[in-house]
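Visitor: Next up, work.cif (mmCIF, C-alpha atoms and all ligand atoms).
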```cif
data_entry
loop_
_atom_site.label_atom_id
_atom_site.label_comp_id
_atom_site.auth_asym_id
_atom_site.auth_seq_id
_atom_site.Cartn_x
_atom_site.Cartn_y
_atom_site.Cartn_z
CA MET L 514 125.51 82.50 97.11
CA SER L 515 127.00 82.82 100.62
CA ASP L 516 125.16 83.83 103.74
CA ILE L 517 127.35 86.91 104.01
CA TYR L 518 125.91 88.11 100.69
CA ASP L 519 126.04 91.88 100.81
CA PHE L 520 123.21 93.77 99.14
CA ASN L 521 125.09 97.03 99.57
CA GLY L 522 126.38 98.23 96.19
CA LYS L 523 124.26 95.79 94.16
CA ASN L 524 121.79 96.80 91.43
CA TYR L 525 118.05 96.30 91.30
CA CYS L 526 115.33 96.64 88.69
CA VAL L 527 111.62 96.98 89.49
CA VAL L 528 109.22 95.97 86.71
CA THR L 529 105.75 97.43 87.32
CA TYR L 530 102.37 96.49 85.83
CA GLY L 531 99.01 98.13 86.40
CA CYS L 532 97.58 101.22 88.01
CA GLN L 533 98.83 104.29 89.93
CA MET L 534 98.46 102.33 93.14
CA ASN L 535 101.04 99.84 91.86
CA LEU L 536 103.32 102.56 90.52
CA HIS L 537 103.34 104.11 93.96
CA GLU L 538 103.94 100.74 95.61
CA SER L 539 106.93 100.29 93.30
CA GLU L 540 108.25 103.58 94.68
CA LYS L 541 108.08 101.98 98.12
CA ILE L 542 109.83 98.82 96.85
CA SER L 543 112.56 101.05 95.38
CA GLY L 544 112.76 102.95 98.68
CA ILE L 545 113.36 99.70 100.59
CA LEU L 546 116.05 98.54 98.13
CA ASP L 547 117.76 101.96 98.05
CA ASN L 548 117.81 101.85 101.83
CA MET L 549 119.67 98.55 101.63
CA GLY L 550 122.42 100.35 99.70
CA MET L 551 121.37 99.15 96.26
CA SER L 552 121.04 101.24 93.07
CA ALA L 553 118.27 101.25 90.48
CA VAL L 554 118.95 100.14 86.91
CA GLN L 555 116.54 100.13 84.01
CA SER L 556 116.98 96.59 82.67
CA PRO L 557 116.73 93.21 84.40
CA GLU L 558 119.91 92.16 82.53
CA ALA L 559 121.94 94.70 84.54
CA ALA L 560 120.35 93.84 87.90
CA ASP L 561 121.25 91.60 90.83
CA VAL L 562 117.69 91.74 92.16
CA VAL L 563 114.66 91.92 89.86
CA VAL L 564 111.27 92.66 91.43
CA PHE L 565 108.06 92.11 89.45
CA ASN L 566 105.23 94.20 90.91
CA THR L 567 102.29 92.54 89.19
CA CYS L 568 98.67 93.34 88.34
CA CYS L 569 95.82 90.90 87.78
CA ILE L 570 93.01 93.25 86.84
CA ARG L 571 93.00 91.79 83.30
CA ASP L 572 94.16 88.44 81.97
CA THR L 573 96.41 90.22 79.47
CA ALA L 574 98.33 92.00 82.27
CA GLU L 575 98.79 88.69 84.02
CA ARG L 576 99.97 86.89 80.87
CA ARG L 577 102.44 89.67 80.08
CA ALA L 578 103.90 89.51 83.59
CA LEU L 579 104.18 85.72 83.52
CA GLY L 580 105.90 85.90 80.12
CA ASN L 581 108.49 88.33 81.48
CA ILE L 582 108.97 86.35 84.70
CA GLY L 583 109.57 83.31 82.46
CA LYS L 584 112.48 85.12 80.80
CA MET L 585 114.30 85.16 84.15
CA LYS L 586 115.12 81.47 83.68
CA GLU L 587 117.69 82.26 80.98
CA LEU L 588 118.99 85.27 82.88
CA LYS L 589 119.55 83.14 85.95
CA LYS L 590 121.63 80.70 83.95
CA LYS L 591 123.95 83.59 83.08
CA ASN L 592 123.95 85.12 86.57
CA LYS L 593 123.69 82.51 89.31
CA ASN L 594 123.47 85.22 92.00
CA LEU L 595 120.43 86.90 90.47
CA LEU L 596 117.48 87.12 92.88
CA VAL L 597 113.95 87.21 91.45
CA VAL L 598 111.06 88.56 93.52
CA VAL L 599 107.38 88.50 92.50
CA THR L 600 104.81 90.57 94.39
CA GLY L 601 101.61 92.55 93.74
CA CYS L 602 97.97 91.63 93.07
CA MET L 603 98.76 88.49 91.03
CA THR L 604 100.46 86.69 93.90
CA GLN L 605 97.65 87.52 96.32
CA GLN L 606 95.09 85.45 94.38
CA ASN L 607 93.95 82.22 95.96
CA GLY L 608 96.53 79.45 95.48
CA PHE L 609 98.58 81.53 93.03
CA ALA L 610 101.77 81.80 95.11
CA GLU L 611 102.01 78.01 95.64
CA ASN L 612 101.48 77.46 91.94
CA LEU L 613 104.09 80.05 91.02
CA LYS L 614 106.60 78.56 93.46
CA GLU L 615 106.05 75.12 92.00
CA ARG L 616 106.15 76.06 88.32
CA TYR L 617 108.75 78.85 88.34
CA GLN L 618 111.64 77.29 90.25
CA TYR L 619 113.88 80.29 89.57
CA VAL L 620 111.63 82.72 91.49
CA ASP L 621 113.31 83.26 94.88
CA VAL L 622 110.84 85.34 96.90
CA ILE L 623 107.05 85.66 96.56
CA LEU L 624 105.25 88.33 98.59
CA GLY L 625 101.56 89.28 98.65
CA THR L 626 100.07 92.77 98.59
CA HIS L 627 99.82 93.03 102.38
CA ASN L 628 103.48 92.48 103.28
CA ILE L 629 105.55 94.39 100.72
CA SER L 630 107.12 96.27 103.69
CA ASP L 631 108.72 92.93 104.58
CA LEU L 632 110.79 92.81 101.38
CA GLU L 633 114.17 93.47 103.03
CA ASN L 634 113.65 90.77 105.70
CA LYS L 635 112.51 88.21 103.16
CA LEU L 636 115.44 88.90 100.82
CA ARG L 637 117.91 88.55 103.70
CA GLU L 638 116.12 85.42 104.91
CA LYS L 639 116.29 83.87 101.44
CA VAL L 640 120.03 84.50 101.25
CA ALA L 641 120.77 83.36 104.83
CA ARG L 642 118.65 80.20 104.70
CA LYS L 643 119.33 79.45 101.02
CA LYS L 644 115.64 78.63 100.73
CA ARG L 645 113.01 79.97 98.38
CA ILE L 646 110.30 81.95 100.19
CA ALA L 647 106.59 82.39 99.53
CA SER L 648 104.93 84.68 102.08
CA VAL L 649 101.39 85.77 101.31
CA LEU L 650 99.17 86.93 104.19
CA ASP L 651 95.47 86.03 104.29
CA THR L 652 94.62 88.85 106.63
CA ASP L 653 94.46 92.47 105.47
CA GLY L 654 97.82 94.00 106.24
CA TYR L 655 99.26 97.46 105.92
CA ILE L 656 102.14 98.82 104.01
CA ASP L 657 103.58 100.77 106.87
CA ASP L 658 103.44 104.27 105.41
CA GLU L 659 105.07 105.76 108.48
CA THR L 660 108.29 103.75 108.26
CA THR L 661 108.54 102.37 104.71
CA PRO L 662 111.04 104.46 102.73
CA VAL L 663 109.83 105.78 99.37
CA THR L 664 111.92 106.64 96.32
CA ARG L 665 109.62 108.92 94.37
CA THR L 666 109.80 108.93 90.59
CA SER L 667 106.99 111.24 89.58
CA PHE L 668 108.18 114.74 90.52
CA PRO L 669 106.53 117.29 90.58
CA ASN L 670 103.65 114.99 91.54
CA ALA L 671 103.67 112.80 94.65
CA TRP L 672 101.20 109.99 95.28
CA VAL L 673 99.88 109.58 98.80
CA ASN L 674 97.78 106.57 99.82
CA ILE L 675 94.80 107.51 101.96
CA ASN L 676 93.04 104.14 102.08
CA TYR L 677 93.74 100.58 101.02
CA GLY L 678 91.39 97.84 99.87
CA CYS L 679 87.79 97.95 98.72
CA ASN L 680 84.41 96.83 100.09
CA ASN L 681 82.40 97.13 96.90
CA PHE L 682 82.69 93.84 95.04
CA CYS L 683 81.81 95.08 91.57
CA THR L 684 81.14 91.79 89.79
CA TYR L 685 83.95 92.24 87.23
CA CYS L 686 86.67 93.25 89.67
CA ILE L 687 89.29 91.20 91.49
CA VAL L 688 90.55 94.08 93.68
CA PRO L 689 88.52 93.31 96.85
CA TYR L 690 89.86 89.72 96.75
CA VAL L 691 93.51 90.72 96.40
CA ARG L 692 93.59 94.01 98.29
CA GLY L 693 91.26 93.14 101.17
CA ARG L 694 88.71 95.33 102.96
CA GLU L 695 88.92 99.12 103.24
CA ARG L 696 91.48 100.39 105.71
CA SER L 697 92.04 104.13 106.05
CA ARG L 698 95.19 105.85 107.22
CA THR L 699 94.71 108.39 109.97
CA PRO L 700 94.30 112.03 108.87
CA GLU L 701 97.32 112.95 111.03
CA SER L 702 99.60 110.54 109.22
CA ILE L 703 98.37 111.61 105.76
CA ILE L 704 98.72 115.31 106.56
CA ALA L 705 102.21 114.78 108.01
CA GLU L 706 103.27 113.02 104.80
CA CYS L 707 101.79 115.80 102.65
CA GLU L 708 103.48 118.53 104.74
CA LYS L 709 106.83 116.86 104.26
CA LEU L 710 106.27 116.48 100.52
CA ILE L 711 105.44 120.18 100.12
CA LYS L 712 108.48 121.10 102.20
CA ASP L 713 110.58 118.87 99.92
CA GLY L 714 109.39 120.85 96.89
CA TYR L 715 106.61 118.69 95.42
CA LYS L 716 104.00 120.78 93.61
CA GLU L 717 101.15 118.33 93.28
CA ILE L 718 99.76 115.71 95.61
CA THR L 719 97.49 112.96 94.34
CA LEU L 720 95.51 111.29 97.11
CA LEU L 721 95.06 107.63 96.21
CA GLY L 722 92.50 105.01 97.17
CA GLN L 723 90.35 102.42 95.37
CA ASN L 724 87.41 104.48 96.59
CA VAL L 725 88.55 107.78 98.09
CA ASN L 726 84.96 108.79 98.88
CA SER L 727 84.63 106.12 101.53
CA TYR L 728 87.80 107.34 103.24
CA GLY L 729 87.38 107.15 107.03
CA ASN L 730 84.21 105.01 107.03
CA ASP L 731 86.14 102.26 108.82
CA PHE L 732 86.87 104.63 111.75
CA GLY L 733 83.15 105.03 112.47
CA ASP L 734 83.78 108.70 113.29
CA PRO L 735 81.76 111.13 111.14
CA ASP L 736 84.46 113.76 111.66
CA VAL L 737 86.91 111.65 109.66
CA ASN L 738 85.75 111.88 106.06
CA PHE L 739 87.15 112.60 102.62
CA SER L 740 85.96 116.19 102.17
CA ASP L 741 87.42 117.25 105.52
CA LEU L 742 90.66 115.50 104.63
CA LEU L 743 90.79 117.48 101.37
CA ARG L 744 90.24 120.72 103.29
CA SER L 745 92.97 119.85 105.80
CA VAL L 746 95.53 119.04 103.09
CA ALA L 747 94.60 122.30 101.35
CA GLU L 748 95.44 124.21 104.53
CA ILE L 749 99.12 123.27 104.22
CA GLU L 750 101.13 126.40 103.38
CA GLY L 751 102.64 126.80 99.92
CA LYS L 752 101.65 126.78 96.26
CA PHE L 753 100.68 123.30 95.16
CA ARG L 754 97.81 121.33 93.69
CA ILE L 755 95.74 118.48 95.11
CA ARG L 756 94.22 115.77 92.94
CA PHE L 757 92.52 112.55 93.98
CA MET L 758 91.48 109.22 92.53
CA THR L 759 89.37 107.17 92.30
CA SER L 760 85.86 108.26 93.18
CA HIS L 761 82.83 105.99 93.35
CA PRO L 762 79.52 107.52 92.21
CA LYS L 763 77.59 105.78 94.98
CA ASP L 764 79.71 107.49 97.68
CA PHE L 765 80.51 110.81 95.96
CA THR L 766 78.94 113.71 97.87
CA SER L 767 78.19 117.37 97.30
CA ASP L 768 80.49 118.09 100.24
CA VAL L 769 83.47 116.97 98.15
CA VAL L 770 82.43 119.45 95.47
CA LYS L 771 82.10 122.17 98.13
CA ALA L 772 85.62 121.33 99.36
CA ILE L 773 86.95 121.65 95.78
CA LYS L 774 85.20 125.01 95.47
CA SER L 775 86.56 126.20 98.80
CA SER L 776 90.22 126.06 97.81
CA ASP L 777 92.27 127.01 94.74
CA LYS L 778 94.63 124.18 95.59
CA ILE L 779 92.09 121.38 95.07
CA CYS L 780 91.87 120.79 91.32
CA ASN L 781 88.48 121.05 89.62
CA ASN L 782 89.17 117.73 87.92
CA ILE L 783 86.86 114.90 88.93
CA HIS L 784 87.37 111.35 87.71
CA LEU L 785 84.02 109.67 88.22
CA PRO L 786 83.93 106.20 86.63
CA VAL L 787 80.44 105.53 85.26
CA GLN L 788 81.27 102.15 83.61
CA ALA L 789 77.90 101.95 81.79
CA GLY L 790 74.87 104.09 81.00
CA SER L 791 72.30 101.33 81.32
CA ASN L 792 70.64 100.57 84.63
CA SER L 793 70.43 96.87 83.90
CA VAL L 794 74.18 96.68 83.13
CA LEU L 795 74.99 98.74 86.23
CA LYS L 796 72.91 96.30 88.26
CA ASN L 797 74.71 93.31 86.77
CA MET L 798 77.99 95.03 87.60
CA ASN L 799 76.80 95.57 91.20
CA ARG L 800 77.75 99.24 90.97
CA ARG L 801 74.91 100.21 93.33
CA TYR L 802 73.89 103.47 91.61
CA THR L 803 71.60 104.21 88.72
CA ARG L 804 72.12 106.20 85.58
CA GLU L 805 69.73 108.82 87.04
CA HIS L 806 71.84 109.12 90.21
CA TYR L 807 74.99 109.50 88.12
CA MET L 808 73.38 112.23 86.01
CA SER L 809 72.24 114.04 89.16
CA LEU L 810 75.87 114.07 90.37
CA ILE L 811 77.00 115.54 87.06
CA ASP L 812 74.31 118.25 87.27
CA MET L 813 75.33 119.03 90.85
CA ILE L 814 79.05 119.30 89.88
CA ARG L 815 78.26 121.52 86.88
CA ASP L 816 75.98 123.78 88.94
CA GLU L 817 78.72 124.32 91.53
CA ILE L 818 81.82 124.28 89.28
CA PRO L 819 80.83 124.98 85.66
CA ASP L 820 84.39 124.58 84.31
CA ALA L 821 85.12 121.28 86.10
CA GLY L 822 86.92 118.69 83.98
CA ILE L 823 84.94 115.49 84.39
CA THR L 824 86.59 112.28 83.22
CA THR L 825 85.40 108.71 83.43
CA ASP L 826 85.96 104.99 82.80
CA ILE L 827 83.55 103.12 80.53
CA MET L 828 83.41 99.41 79.86
CA VAL L 829 81.59 97.90 76.89
CA GLY L 830 80.58 94.32 76.19
CA PHE L 831 79.71 93.39 79.77
CA PRO L 832 77.72 90.13 80.07
CA TYR L 833 74.06 90.55 79.02
CA GLU L 834 74.73 94.01 77.48
CA THR L 835 72.23 94.46 74.64
CA GLU L 836 72.39 96.99 71.81
CA ASP L 837 69.76 99.03 73.70
CA ASP L 838 71.94 98.99 76.82
CA PHE L 839 74.87 100.16 74.74
CA GLN L 840 72.72 102.94 73.22
CA ASP L 841 72.03 104.08 76.81
CA THR L 842 75.79 104.34 77.35
CA LEU L 843 76.23 106.39 74.16
CA ASP L 844 73.33 108.59 75.22
CA LEU L 845 74.89 109.23 78.63
CA VAL L 846 78.23 110.08 77.00
CA ARG L 847 76.46 112.60 74.71
CA ARG L 848 74.69 114.20 77.67
CA VAL L 849 77.65 114.41 80.06
CA ARG L 850 80.30 115.41 77.50
CA PHE L 851 83.29 114.04 79.45
CA SER L 852 86.59 115.85 78.84
CA THR L 853 88.20 112.46 78.28
CA ALA L 854 87.18 108.86 78.91
CA PHE L 855 89.17 105.68 79.46
CA THR L 856 87.29 103.11 77.44
CA PHE L 857 87.68 99.34 77.75
CA ILE L 858 86.31 96.13 76.36
CA TYR L 859 85.12 93.93 79.23
CA SER L 860 87.40 90.93 79.58
CA VAL L 861 86.76 87.90 81.75
CA ARG L 862 88.58 87.92 85.07
CA LYS L 863 88.70 84.49 86.67
CA GLY L 864 87.57 84.49 90.30
CA THR L 865 84.94 87.20 89.84
CA LYS L 866 81.15 86.77 89.58
CA ALA L 867 80.94 88.18 86.05
CA ALA L 868 83.27 85.42 84.81
CA ASP L 869 80.37 82.97 85.31
CA MET L 870 77.84 85.13 83.43
CA PRO L 871 77.06 84.47 79.74
CA GLN L 872 79.64 86.32 77.65
CA ILE L 873 78.83 88.24 74.50
CA PRO L 874 80.78 87.68 71.24
CA TYR L 875 84.07 89.53 70.82
CA GLU L 876 83.07 91.02 67.43
CA ILE L 877 80.11 92.75 69.09
CA LYS L 878 82.35 94.13 71.82
CA GLN L 879 84.81 95.39 69.22
CA ASP L 880 82.11 97.08 67.20
CA ARG L 881 80.76 98.79 70.33
CA ILE L 882 84.13 100.06 71.52
CA LYS L 883 84.83 101.55 68.08
CA ARG L 884 81.54 103.44 68.14
CA LEU L 885 82.13 104.62 71.69
CA ILE L 886 85.67 105.83 70.98
CA ALA L 887 84.50 107.66 67.83
CA LEU L 888 81.81 109.48 69.82
CA GLN L 889 84.12 110.40 72.70
CA ASN L 890 86.83 111.62 70.27
CA GLU L 891 84.29 113.85 68.59
CA ILE L 892 83.27 115.33 71.97
CA THR L 893 86.87 115.74 73.17
CA GLU L 894 87.77 117.51 69.93
CA GLU L 895 84.79 119.88 70.24
CA LEU L 896 85.70 120.65 73.85
CA SER L 897 89.35 121.18 72.87
CA LYS L 898 88.33 123.95 70.45
CA ALA L 899 86.92 125.93 73.36
CA TYR L 900 90.46 126.17 74.78
CA LEU L 901 91.83 127.97 71.70
CA GLY L 902 93.03 131.51 72.39
CA ASN L 903 92.64 131.17 76.16
CA THR L 904 95.44 131.14 78.74
CA TYR L 905 95.69 128.50 81.48
CA GLU L 906 97.98 127.91 84.40
CA VAL L 907 99.84 124.66 83.78
CA LEU L 908 102.14 122.72 86.07
CA ILE L 909 105.00 121.44 83.88
CA GLU L 910 105.45 117.72 84.52
CA GLY L 911 108.11 116.71 82.01
CA THR L 912 109.57 116.96 78.55
CA ASN L 913 107.34 115.81 75.73
CA GLU L 914 108.63 112.42 74.60
CA LYS L 915 107.06 112.69 71.16
CA LYS L 916 107.96 116.32 70.43
CA LYS L 917 111.57 117.36 70.89
CA GLY L 918 112.02 120.81 72.47
CA PHE L 919 108.55 120.72 74.06
CA VAL L 920 107.42 120.30 77.65
CA SER L 921 104.02 119.19 78.88
CA GLY L 922 101.83 119.51 81.90
CA ARG L 923 98.21 119.78 82.90
CA THR L 924 95.68 122.51 83.45
CA GLU L 925 93.83 122.51 86.75
CA SER L 926 90.96 120.66 85.05
CA GLY L 927 93.35 117.91 83.97
CA ARG L 928 93.86 118.65 80.25
CA LEU L 929 97.31 117.84 78.92
CA VAL L 930 99.05 120.83 77.31
CA SER L 931 102.38 121.06 75.43
CA ALA L 932 104.52 124.11 74.77
CA PRO L 933 108.07 124.83 73.61
CA GLY L 934 110.43 124.65 76.59
CA ASP L 935 113.11 122.62 78.31
CA GLU L 936 113.53 120.47 81.40
CA ASN L 937 114.37 123.48 83.60
CA LEU L 938 110.65 124.19 83.60
CA ILE L 939 109.71 120.87 85.23
CA GLY L 940 107.93 121.59 88.50
CA GLN L 941 107.07 125.19 87.60
CA PHE L 942 103.65 126.74 87.21
CA VAL L 943 103.51 128.64 83.92
CA ASN L 944 100.77 130.36 81.93
CA ILE L 945 100.20 128.89 78.49
CA ARG L 946 98.09 130.42 75.75
CA ILE L 947 96.55 127.64 73.69
CA ASP L 948 96.92 128.13 69.94
CA LYS L 949 96.48 124.62 68.51
CA CYS L 950 94.33 121.62 69.25
CA LYS L 951 94.20 118.14 67.80
CA ASN L 952 91.89 115.59 69.44
CA ALA L 953 92.81 115.67 73.14
CA GLN L 954 96.14 117.39 72.54
CA LEU L 955 96.45 121.10 73.25
CA THR L 956 99.54 123.06 72.24
CA GLY L 957 100.45 126.64 73.05
CA GLU L 958 103.06 129.19 74.02
CA ILE L 959 104.30 130.07 77.47
CA ILE L 960 103.48 133.73 78.02
S1 LIG L 1001 84.94 99.99 93.48
FE1 LIG L 1001 84.51 98.21 92.21
S2 LIG L 1001 85.91 98.50 90.45
FE2 LIG L 1001 86.69 99.80 92.09
S3 LIG L 1001 88.20 98.55 93.16
FE3 LIG L 1001 86.26 98.29 94.25
S4 LIG L 1001 85.34 96.47 93.34
FE4 LIG L 1001 86.96 97.14 91.94
#
```
Would you mind writing the structure in this file as structure tokens?
Guide:
Amino acid sequence: MSDIYDFNGKNYCVVTYGCQMNLHESEKISGILDNMGMSAVQSPEAADVVVFNTCCIRDTAERRALGNIGKMKELKKKNKNLLVVVTGCMTQQNGFAENLKERYQYVDVILGTHNISDLENKLREKVARKKRIASVLDTDGYIDDETTPVTRTSFPNAWVNINYGCNNFCTYCIVPYVRGRERSRTPESIIAECEKLIKDGYKEITLLGQNVNSYGNDFGDPDVNFSDLLRSVAEIEGKFRIRFMTSHPKDFTSDVVKAIKSSDKICNNIHLPVQAGSNSVLKNMNRRYTREHYMSLIDMIRDEIPDAGITTDIMVGFPYETEDDFQDTLDLVRRVRFSTAFTFIYSVRKGTKAADMPQIPYEIKQDRIKRLIALQNEITEELSKAYLGNTYEVLIEGTNEKKKGFVSGRTESGRLVSAPGDENLIGQFVNIRIDKCKNAQLTGEII
């Protein structure tokens, strides 16, 4: 490969693992590569540059990524000019980049989570110096949201980062180690980005942070806080929706609920991860709230916004979890009646405190998750029936991949709805009368 290698006109493929945060970061990676004159392709086989944007939240995600990175060895034999980049949470772990560089000789550039904005420079440096590069910063860095180009892939929704990093150190979670401490963007910069997105025709903005409720705490200015940010974004002219994730029960305030109530644009959909219904498990997880506090938040939300869609994350099989603890979780689920819940089996994450705690047998975890899913499905199905015959405003997000001739979108409260229609409806607000329900799926007619 010569040092006058021209990226212009070449193809790239970004392979993404993990959460919304990573999906949005991949949009920034694509933005940088598009800006270099390259074009996106769907398969690594057709690409000149392959970027793996990795996740390390679970061992399985990490193993899957490493397996796919391993396949690049054969691809590189066929295409000597192929450049392989690995970035994301996996590379930011202690000692990981050095190990990867040593063991995967065909990886050309390794970047951490704090310097993705540097991708163009590092690619050009690799080509010019004909040297493999591993650049992972120890200090908390920023993706420069003001200057990093973004190629958005989620129209009519647009993700907007409001803060990076996390200060909470839940004992099962690697995020604070690989994403650093909380750093908030200024309200001015967030609002400017949102204004531009609305002007460009986006119909939904999802404000993103590991813990959106602690937005602004690092500024030490009480006037910079999450509920005021929500209100300011809602003041932008135009018809659009605002969603946000993720909330932390210890920092969630009634003021956020008041902000939701104050504007039709802020969706009445609150994702409030509870993780467990037992105080002793919550303590072992270092979640820093109790079951009673969580229930008081639910009561407060329901008093203010009776039709709010409350969703959650629940983990079963955490170290020391007894059958009684698990019964507390089932009891909380019965009381709250979440619209939907993301349920997980706890899996050991090396480098976290919980990895050193005594683990409980896999069969017990499996039995518990089955019982939890069965209960939540029952609740979701019962709640779904209440939608029958009613009409809801839905923002159409795309065609339904499983049902030809159908489109789907979400109600304000976050329920997924399908109806007959075509791609011309994507990005439009329509009214749908619900006439069928099956588990979490609602189907209706556009009226
Ligand atoms: S709040 Fe807890 S679970 Fe969420 S990112 Fe921070 S440490 Fe991880």
Visitor: Nearest residue to L:Lys541 out of L:Asp741, L:Glu925, L:Asp657, L:Glu558, using all atoms listed in the file?
Guide: L:Asp657
Visitor: For atom CA of L:Glu701 and atom CA of L:Glu538, quote the distance in Å rounded to one decimal.
Guide: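 Atom CA of L:Glu538 lies at a distance of 20.8 Å from atom CA of L:Glu701.
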Visitor: Compare L:Thr893, L:Asn799, L:Asn521, L:Ser860 by their minimum atom-to-atom distance to ligand LIG 1001 (chain L), counting all atoms listed in the file, and give me the closest one.
Guide: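 Ranking L:Thr893, L:Asn799, L:Asn521, L:Ser860 by distance to ligand LIG 1001 (chain L), first place goes to L:Asn799.
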Visitor: Find the residues near ligand LIG 1001 (chain L). Use a cut-off of 7 Å, count all atoms listed in the file, and write them as a PyMOL selection string.
Guide: chain L and resi 679-683+686-689+723-724+761+800
Visitor: Using all atoms listed in the file, determine which residues lie at most 6 Å from L:Tyr859, disregarding the query and same-chain residues fewer than 3 positions distant; provide the list as a ChimeraX atom specification.
Guide: /L:828-831
Visitor: Using all atoms listed in the file, can you tell me which of L:Pro557, L:Gly940, L:Gly608, L:Gly911 comes closest to L:Met585?
Guide: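 Among L:Pro557, L:Gly940, L:Gly608, L:Gly911, it is L:Pro557 that comes nearest to L:Met585.
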Visitor: When you count all atoms listed in the file, which of these residues is closest to L:Gly927: L:Tyr875, L:Phe757, L:Phe565, L:Tyr619?
Guide: L:Phe757
Visitor: Identify which of the residues L:Ile811, L:Cys780, L:Leu888, L:Ile858 lies closest to L:Glu906, counting all atoms listed in the file when measuring atom-to-atom distances.
Guide: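 Distance minimum relative to L:Glu906 lands on L:Cys780.
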Visitor: Need to verify the contact set: L:Asp572, 10 Å, all atoms listed in the file, exclusion of same-chain residues closer than 4 positions in sequence. Can you return it as a PyMOL selection string?
Guide: chain L and resi 568+576-578+860-863
Visitor: Within 9 Å of L:Asn792, counting all atoms listed in the file, which residues show up once you throw out same-chain ones fewer than 2 positions away? Write them as a list in words, please.
Guide: Ala789, Gly790, Val794, Leu795, Lys796, Asn797, Tyr802, Thr803, Arg804, Glu805, Asp838 and Asp841 of chain L
Visitor: For atom CA of L:Glu638 and atom CA of L:Lys614, quote the distance in Å rounded to one decimal.
Guide: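 These two atoms are separated by 16.4 Å.
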Visitor: Select, from L:Glu910, L:Asp653, L:Glu958, L:Asp935, the residue with the minimum atom-to-atom distance to L:Arg923, counting all atoms listed in the file.
Guide: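 Of L:Glu910, L:Asp653, L:Glu958, L:Asp935, the one nearest L:Arg923, counting all atoms listed in the file, is L:Glu910.
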Visitor: Neighbouring residues of L:Ser648 were defined as those with any atom within 8 Å, considering all atoms listed in the file; residues of the same chain fewer than 3 positions away were excluded. Please report them as a PyMOL selection string.
Guide: chain L and resi 622-625
Visitor: Between atom CA of L:Val930 and atom CA of L:Ile945, what is the distance in Å, rounded to a tenth?
Guide: 8.2 Å
Visitor: Please produce stretch 555-567 of chain L, completed to N, CA and C atoms, as a JSON list (two decimals), in the frame of the given file.
Guide:
```json
[["chain", "number", "residue", "atom", "x", "y", "z"],
["L", 555, "GLN", "N", 117.76, 100.20, 84.82],
["L", 555, "GLN", "CA", 116.54, 100.13, 84.01],
["L", 555, "GLN", "C", 116.24, 98.74, 83.46],
["L", 556, "SER", "N", 117.28, 97.89, 83.30],
["L", 556, "SER", "CA", 116.98, 96.59, 82.67],
["L", 556, "SER", "C", 117.30, 95.43, 83.60],
["L", 557, "PRO", "N", 116.49, 94.38, 83.56],
["L", 557, "PRO", "CA", 116.73, 93.21, 84.40],
["L", 557, "PRO", "C", 118.11, 92.60, 84.14],
["L", 558, "GLU", "N", 118.60, 92.74, 82.88],
["L", 558, "GLU", "CA", 119.91, 92.16, 82.53],
["L", 558, "GLU", "C", 121.03, 92.77, 83.38],
["L", 559, "ALA", "N", 120.86, 94.03, 83.80],
["L", 559, "ALA", "CA", 121.94, 94.70, 84.54],
["L", 559, "ALA", "C", 121.73, 94.60, 86.05],
["L", 560, "ALA", "N", 120.71, 93.83, 86.48],
["L", 560, "ALA", "CA", 120.35, 93.84, 87.90],
["L", 560, "ALA", "C", 120.80, 92.58, 88.64],
["L", 561, "ASP", "N", 120.99, 92.75, 89.96],
["L", 561, "ASP", "CA", 121.25, 91.60, 90.83],
["L", 561, "ASP", "C", 119.95, 91.14, 91.49],
["L", 562, "VAL", "N", 119.02, 92.08, 91.63],
["L", 562, "VAL", "CA", 117.69, 91.74, 92.16],
["L", 562, "VAL", "C", 116.64, 92.30, 91.19],
["L", 563, "VAL", "N", 115.75, 91.45, 90.73],
["L", 563, "VAL", "CA", 114.66, 91.92, 89.86],
["L", 563, "VAL", "C", 113.35, 91.70, 90.62],
["L", 564, "VAL", "N", 112.56, 92.77, 90.75],
["L", 564, "VAL", "CA", 111.27, 92.66, 91.43],
["L", 564, "VAL", "C", 110.15, 92.89, 90.41],
["L", 565, "PHE", "N", 109.24, 91.95, 90.30],
["L", 565, "PHE", "CA", 108.06, 92.11, 89.45],
["L", 565, "PHE", "C", 106.90, 92.52, 90.35],
["L", 566, "ASN", "N", 106.40, 93.74, 90.15],
["L", 566, "ASN", "CA", 105.23, 94.20, 90.91],
["L", 566, "ASN", "C", 104.03, 94.04, 89.98],
["L", 567, "THR", "N", 103.26, 92.99, 90.20],
["L", 567, "THR", "CA", 102.29, 92.54, 89.19],
["L", 567, "THR", "C", 100.87, 93.09, 89.40]]
```
